[in-house]
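Engineer: Structure supplied as my_file-v3.csv; contents: CSV, C-alpha atoms.
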chain,number,residue,atom,x,y,z
A,101,MET,CA,105.2,99.6,118.0
A,102,LYS,CA,107.5,98.2,115.3
A,103,LEU,CA,106.6,99.1,111.7
A,104,LEU,CA,108.0,97.5,108.6
A,105,LEU,CA,107.5,99.5,105.5
A,106,ASP,CA,106.7,98.0,102.1
A,107,THR,CA,109.1,99.2,99.4
A,108,HIS,CA,106.6,101.7,97.9
A,109,ILE,CA,105.7,103.1,101.4
A,110,LEU,CA,109.4,103.4,102.2
A,111,LEU,CA,110.1,105.4,99.0
A,112,TRP,CA,107.0,107.6,99.4
A,113,ALA,CA,107.9,108.3,103.1
A,114,LEU,CA,111.4,109.3,102.3
A,115,ALA,CA,110.3,111.5,99.4
A,116,ASN,CA,107.3,112.9,101.2
A,117,ASP,CA,105.2,111.8,98.3
A,118,GLN,CA,101.5,112.6,98.0
A,119,HIS,CA,100.7,108.9,97.5
A,120,LEU,CA,101.5,108.3,101.1
A,121,SER,CA,98.3,108.1,103.0
A,122,ASP,CA,97.6,110.3,106.1
A,123,GLN,CA,97.3,107.1,108.2
A,124,ALA,CA,100.8,106.0,107.1
A,125,ARG,CA,102.2,109.5,107.7
A,126,LYS,CA,100.9,109.6,111.2
A,127,LEU,CA,102.2,106.1,112.0
A,128,ILE,CA,105.6,106.9,110.6
A,129,ALA,CA,105.8,110.3,112.3
A,130,ASP,CA,104.8,108.9,115.7
A,131,GLU,CA,108.0,108.9,117.8
A,132,LYS,CA,106.7,105.9,119.8
A,133,ASN,CA,107.0,103.7,116.7
A,134,ASP,CA,110.2,102.2,115.5
A,135,ILE,CA,110.4,102.3,111.7
A,136,TYR,CA,112.1,99.5,109.8
A,137,TYR,CA,113.0,98.9,106.2
A,138,SER,CA,114.0,95.5,104.9
A,139,ILE,CA,117.3,94.6,103.2
A,140,LEU,CA,114.8,93.0,100.7
A,141,SER,CA,113.6,96.4,99.7
A,142,LEU,CA,117.2,97.4,98.9
A,143,TRP,CA,117.6,94.3,96.7
A,144,GLU,CA,114.2,95.0,95.0
A,145,ILE,CA,115.1,98.6,94.3
A,146,GLU,CA,118.5,97.7,92.9
A,147,LEU,CA,117.1,95.0,90.6
A,148,LYS,CA,114.5,97.4,89.3
A,149,ARG,CA,117.1,100.2,88.8
A,150,LEU,CA,119.4,97.9,86.9
A,151,ALA,CA,116.6,96.7,84.7
A,152,HIS,CA,114.9,100.2,84.2
A,153,PRO,CA,117.3,103.0,85.2
A,154,ASP,CA,114.9,105.5,83.5
A,155,VAL,CA,112.1,104.5,85.9
A,156,MET,CA,114.1,103.8,89.1
A,157,ALA,CA,116.7,106.4,89.5
A,158,ILE,CA,117.7,105.8,93.2
A,159,THR,CA,120.3,103.3,94.0
A,160,ALA,CA,120.2,100.9,97.0
A,161,LYS,CA,123.3,102.6,98.4
A,162,ALA,CA,121.6,106.0,98.3
A,163,LEU,CA,118.4,104.7,99.8
A,164,THR,CA,120.4,103.3,102.7
A,165,LYS,CA,121.8,106.7,103.4
A,166,TYR,CA,118.4,108.3,103.3
A,167,CYS,CA,117.0,105.7,105.6
A,168,ALA,CA,119.8,106.3,108.1
A,169,GLN,CA,119.2,110.1,107.9
A,170,ALA,CA,115.5,109.5,108.6
A,171,GLY,CA,116.3,107.3,111.6
A,172,PHE,CA,114.8,104.1,110.0
A,173,LEU,CA,116.2,100.8,111.1
A,174,LYS,CA,117.4,98.1,108.8
A,175,LEU,CA,116.0,94.6,109.1
A,176,SER,CA,118.2,91.8,107.7
A,177,LEU,CA,116.9,88.6,106.2
A,178,GLN,CA,117.1,85.6,108.6
A,179,GLU,CA,116.5,82.0,107.9
A,180,GLN,CA,113.4,82.0,110.2
A,181,HIS,CA,111.8,84.6,107.8
A,182,ILE,CA,112.3,82.2,105.0
A,183,PHE,CA,110.9,79.2,107.0
A,184,ALA,CA,107.8,81.3,107.8
A,185,MET,CA,106.8,81.3,104.2
A,186,GLU,CA,105.1,77.9,104.7
A,187,THR,CA,102.9,79.5,107.4
A,188,LEU,CA,101.4,82.2,105.2
A,189,LYS,CA,97.7,81.9,104.6
A,190,ARG,CA,95.6,83.6,101.9
A,191,LYS,CA,92.0,84.5,102.3
A,192,PRO,CA,89.8,82.1,100.3
A,193,ASP,CA,88.6,84.8,97.9
A,194,ALA,CA,91.9,86.5,97.5
A,195,ALA,CA,93.4,87.0,94.0
A,196,ILE,CA,96.7,85.2,93.3
A,197,HIS,CA,99.8,86.9,94.5
A,198,LYS,CA,103.1,85.9,92.9
A,199,ASP,CA,105.6,88.4,94.2
A,200,PRO,CA,108.3,86.5,96.3
A,201,VAL,CA,109.7,89.8,97.8
A,202,ASP,CA,106.3,90.8,99.1
A,203,ARG,CA,105.8,87.3,100.7
A,204,LEU,CA,109.1,87.5,102.4
A,205,LEU,CA,108.4,91.0,103.7
A,206,VAL,CA,105.2,89.8,105.2
A,207,CYS,CA,107.1,86.9,106.8
A,208,GLN,CA,109.6,89.2,108.2
A,209,ALA,CA,106.9,91.3,109.8
A,210,LYS,CA,105.1,88.2,111.1
A,211,THR,CA,108.2,86.6,112.5
A,212,GLU,CA,109.5,89.8,114.2
A,213,ARG,CA,106.0,90.8,115.5
A,214,MET,CA,105.9,94.0,113.4
A,215,LEU,CA,103.1,95.7,111.6
A,216,PHE,CA,103.7,95.7,107.9
A,217,LEU,CA,102.5,98.9,106.2
A,218,THR,CA,101.5,98.4,102.5
A,219,HIS,CA,99.4,99.9,99.9
A,220,ASP,CA,99.3,96.7,97.7
A,221,ALA,CA,95.8,95.3,97.6
A,222,LEU,CA,97.2,91.8,96.7
A,223,ILE,CA,99.2,91.7,99.9
A,224,SER,CA,96.0,92.4,101.8
A,225,GLY,CA,94.8,89.1,100.5
A,226,TYR,CA,97.0,87.3,103.1
A,227,ASP,CA,95.1,86.3,106.2
A,228,GLU,CA,97.8,87.7,108.5
A,229,LYS,CA,97.3,90.1,111.4
A,230,CYS,CA,100.6,91.8,110.8
A,231,ILE,CA,99.4,93.5,107.6
A,232,LEU,CA,98.0,97.0,107.6
A,233,ALA,CA,96.8,98.3,104.2
A,234,VAL,CA,97.3,102.1,104.2
So that I can check it, write out the structure of this file as structure tokens.
Structural biologist:
Amino acid sequence: MKLLLDTHILLWALANDQHLSDQARKLIADEKNDIYYSILSLWEIELKRLAHPDVMAITAKALTKYCAQAGFLKLSLQEQHIFAMETLKRKPDAAIHKDPVDRLLVCQAKTERMLFLTHDALISGYDEKCILAV
């Protein structure tokens, strides 16, 4: 199975952070699964680091090295991922979700037939089978 990690899940997995759920740990550790991170996560991290270096200490360049060491695969952004944004559906009772990076991550997973691991409750408001809240 191909798994795309949300940015928080990616950071937690690499740091072996206690916030990472047991379910996520098992899926990431399963050798049958291919683990992907998105180029969008690198962009998101670098933007946050530049805006708040006291909060986000890791650089996108360092994160790329850690991902390679962990055997994670990089997913580039393609135009079909962007085009898929118009196909996203929200559940009728879902709270508003405004994060464009998250929407594109979901579109990448949907387009590439991956399972998107996230802890973000607002992302779970999308009515998309590719999302797994962990």
Engineer: Per residue of range 169-217 of chain A within 12 Å of range 142-162 of chain A, what are the shortest atom pair and its distance in Å to one decimal, counting only C-alpha atoms, with rows by chain and residue number, as JSON lines?
Structural biologist:
{"residue": "A:Gln169", "atom": "CA", "partner": "A:Ala162", "partner_atom": "CA", "distance": 10.7}
{"residue": "A:Lys174", "atom": "CA", "partner": "A:Leu142", "partner_atom": "CA", "distance": 9.9}
{"residue": "A:Leu175", "atom": "CA", "partner": "A:Leu142", "partner_atom": "CA", "distance": 10.6}
{"residue": "A:Ser176", "atom": "CA", "partner": "A:Leu142", "partner_atom": "CA", "distance": 10.5}
{"residue": "A:Leu177", "atom": "CA", "partner": "A:Trp143", "partner_atom": "CA", "distance": 11.1}
{"residue": "A:Asp199", "atom": "CA", "partner": "A:Glu144", "partner_atom": "CA", "distance": 10.9}
{"residue": "A:Pro200", "atom": "CA", "partner": "A:Glu144", "partner_atom": "CA", "distance": 10.4}
{"residue": "A:Val201", "atom": "CA", "partner": "A:Glu144", "partner_atom": "CA", "distance": 7.4}
{"residue": "A:Asp202", "atom": "CA", "partner": "A:Glu144", "partner_atom": "CA", "distance": 9.8}
{"residue": "A:Leu204", "atom": "CA", "partner": "A:Glu144", "partner_atom": "CA", "distance": 11.7}
{"residue": "A:Leu205", "atom": "CA", "partner": "A:Glu144", "partner_atom": "CA", "distance": 11.2}
Engineer: Given all atoms listed in the file as the basis, pick out the residue of A:Ala170, A:Cys207, A:Ala194, A:Ala233 nearest to Ser121 in chain A.
Structural biologist: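 Closest to Ser121 in chain A, using all atoms listed in the file: A:Ala233.
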Engineer: Do you know which residues are at most 8 Å from Val206 in chain A counting all atoms listed in the file, after dropping those on the same chain fewer than 2 positions away, and could you put them as a list in words?
Structural biologist: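 That gives Asp202, Arg203, Leu204, Gln208, Ala209, Lys210, Phe216, Cys230 and Ile231 of chain A.
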Engineer: Find, counting all atoms listed in the file, the residue in A:Ile109, A:Glu212, A:Lys102, A:Met185 that gets nearest to Asp130 in chain A.
Structural biologist: A:Lys102
Engineer: Considering only C-alpha atoms, can you say which of A:Asp220, A:Ile182, A:Ser141, A:Glu131 comes closest to Thr107 in chain A?
Structural biologist: A:Ser141
Engineer: Quote the spacing between CA of Tyr166 in chain A and CA of Leu111 in chain A in Å to one decimal place.
Structural biologist: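 Atom-to-atom, CA of Tyr166 in chain A and CA of Leu111 in chain A are spaced 9.8 Å apart.
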Engineer: Closest to Asp106 in chain A among A:Ile223, A:Leu120, A:Leu217, A:Val234, using all atoms listed in the file?
Structural biologist: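 Once distances to Asp106 in chain A are computed over all atoms listed in the file, the minimum belongs to A:Leu217.
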Engineer: Would you list the residues near (107.7, 99.6, 109.2) (no more than 7 Å away, in the coordinates of the file, using only C-alpha atoms) as a VMD selection string?
Structural biologist: chain A and resid 102 to 105 135 to 137 215 to 217
Engineer: How many Å lie between CA of Cys167 in chain A and CA of Leu140 in chain A, rounded to one decimal?
Structural biologist: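 Separation of CA of Cys167 in chain A and CA of Leu140 in chain A: 13.8 Å.
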Engineer: For a cutoff of 9 Å around the file-coordinate point (96.6, 91.1, 97.2), which residues qualify once you count all atoms listed in the file? I'd like the result as JSON, numbers by chain.
Structural biologist: {"A": [190, 194, 195, 196, 197, 220, 221, 222, 223, 224, 225, 226]}
Engineer: Measure the distance from CA of Arg125 in chain A to CA of Leu110 in chain A in Å and round it to one decimal.
Structural biologist: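 These two atoms are separated by 10.9 Å.
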Engineer: Taking N, CA and C atoms as the atom set, what does range 146-180 of chain A look like once completed, written as a compact mmCIF listing (two decimals), in the coordinates of the input?
Structural biologist:
# COMPACT_ATOMS: atom_id res chain seq x y z
N GLU A 146 117.33 97.83 93.76
CA GLU A 146 118.50 97.70 92.90
C GLU A 146 118.22 96.89 91.66
N LEU A 147 117.48 95.81 91.81
CA LEU A 147 117.10 95.00 90.60
C LEU A 147 116.27 95.84 89.64
N LYS A 148 115.32 96.61 90.16
CA LYS A 148 114.50 97.40 89.30
C LYS A 148 115.31 98.55 88.64
N ARG A 149 116.25 99.13 89.39
CA ARG A 149 117.10 100.20 88.80
C ARG A 149 117.97 99.67 87.72
N LEU A 150 118.54 98.49 87.92
CA LEU A 150 119.40 97.90 86.90
C LEU A 150 118.62 97.55 85.64
N ALA A 151 117.39 97.10 85.83
CA ALA A 151 116.60 96.70 84.70
C ALA A 151 115.95 97.94 83.98
N HIS A 152 115.62 98.98 84.76
CA HIS A 152 114.90 100.20 84.20
C HIS A 152 115.47 101.44 84.87
N PRO A 153 116.71 101.83 84.56
CA PRO A 153 117.30 103.00 85.20
C PRO A 153 116.51 104.31 84.90
N ASP A 154 115.75 104.32 83.84
CA ASP A 154 114.90 105.50 83.50
C ASP A 154 113.73 105.63 84.42
N VAL A 155 113.30 104.52 85.02
CA VAL A 155 112.10 104.50 85.90
C VAL A 155 112.55 104.59 87.37
N MET A 156 113.59 103.84 87.72
CA MET A 156 114.10 103.80 89.10
C MET A 156 115.44 104.42 89.17
N ALA A 157 115.47 105.68 89.54
CA ALA A 157 116.70 106.40 89.50
C ALA A 157 117.57 106.24 90.78
N ILE A 158 116.93 105.94 91.90
CA ILE A 158 117.70 105.80 93.20
C ILE A 158 118.40 104.50 93.25
N THR A 159 119.58 104.54 93.83
CA THR A 159 120.30 103.30 94.00
C THR A 159 120.06 102.78 95.45
N ALA A 160 120.33 101.52 95.64
CA ALA A 160 120.20 100.90 97.00
C ALA A 160 121.10 101.60 97.97
N LYS A 161 122.30 101.93 97.52
CA LYS A 161 123.30 102.60 98.40
C LYS A 161 122.75 103.96 98.84
N ALA A 162 122.19 104.74 97.92
CA ALA A 162 121.60 106.00 98.30
C ALA A 162 120.44 105.89 99.21
N LEU A 163 119.61 104.90 98.93
CA LEU A 163 118.40 104.70 99.80
C LEU A 163 118.85 104.35 101.21
N THR A 164 119.90 103.59 101.35
CA THR A 164 120.40 103.30 102.70
C THR A 164 120.80 104.51 103.45
N LYS A 165 121.44 105.45 102.77
CA LYS A 165 121.80 106.70 103.40
C LYS A 165 120.60 107.51 103.84
N TYR A 166 119.59 107.60 102.94
CA TYR A 166 118.40 108.30 103.30
C TYR A 166 117.63 107.70 104.45
N CYS A 167 117.62 106.37 104.50
CA CYS A 167 117.00 105.70 105.60
C CYS A 167 117.69 105.99 106.93
N ALA A 168 119.01 106.00 106.90
CA ALA A 168 119.80 106.30 108.10
C ALA A 168 119.50 107.77 108.54
N GLN A 169 119.44 108.68 107.59
CA GLN A 169 119.20 110.10 107.90
C GLN A 169 117.77 110.24 108.53
N ALA A 170 116.82 109.41 108.07
CA ALA A 170 115.50 109.50 108.60
C ALA A 170 115.30 108.76 109.92
N GLY A 171 116.34 108.02 110.32
CA GLY A 171 116.30 107.30 111.60
C GLY A 171 115.59 105.92 111.43
N PHE A 172 115.43 105.46 110.20
CA PHE A 172 114.80 104.10 110.00
C PHE A 172 115.87 103.06 110.27
N LEU A 173 115.39 101.94 110.73
CA LEU A 173 116.20 100.80 111.10
C LEU A 173 116.21 99.73 110.06
N LYS A 174 117.35 99.11 109.82
CA LYS A 174 117.40 98.10 108.80
C LYS A 174 117.12 96.71 109.40
N LEU A 175 116.29 95.95 108.70
CA LEU A 175 116.00 94.60 109.10
C LEU A 175 116.62 93.64 108.10
N SER A 176 117.54 92.82 108.59
CA SER A 176 118.20 91.80 107.70
C SER A 176 117.32 90.63 107.52
N LEU A 177 117.65 89.85 106.52
CA LEU A 177 116.90 88.60 106.20
C LEU A 177 117.53 87.48 107.04
N GLN A 178 116.69 86.77 107.75
CA GLN A 178 117.10 85.60 108.60
C GLN A 178 116.44 84.37 108.05
N GLU A 179 117.04 83.24 108.38
CA GLU A 179 116.50 82.00 107.90
C GLU A 179 115.06 81.75 108.44
N GLN A 180 114.75 82.20 109.66
CA GLN A 180 113.40 82.00 110.20
C GLN A 180 112.35 82.76 109.36
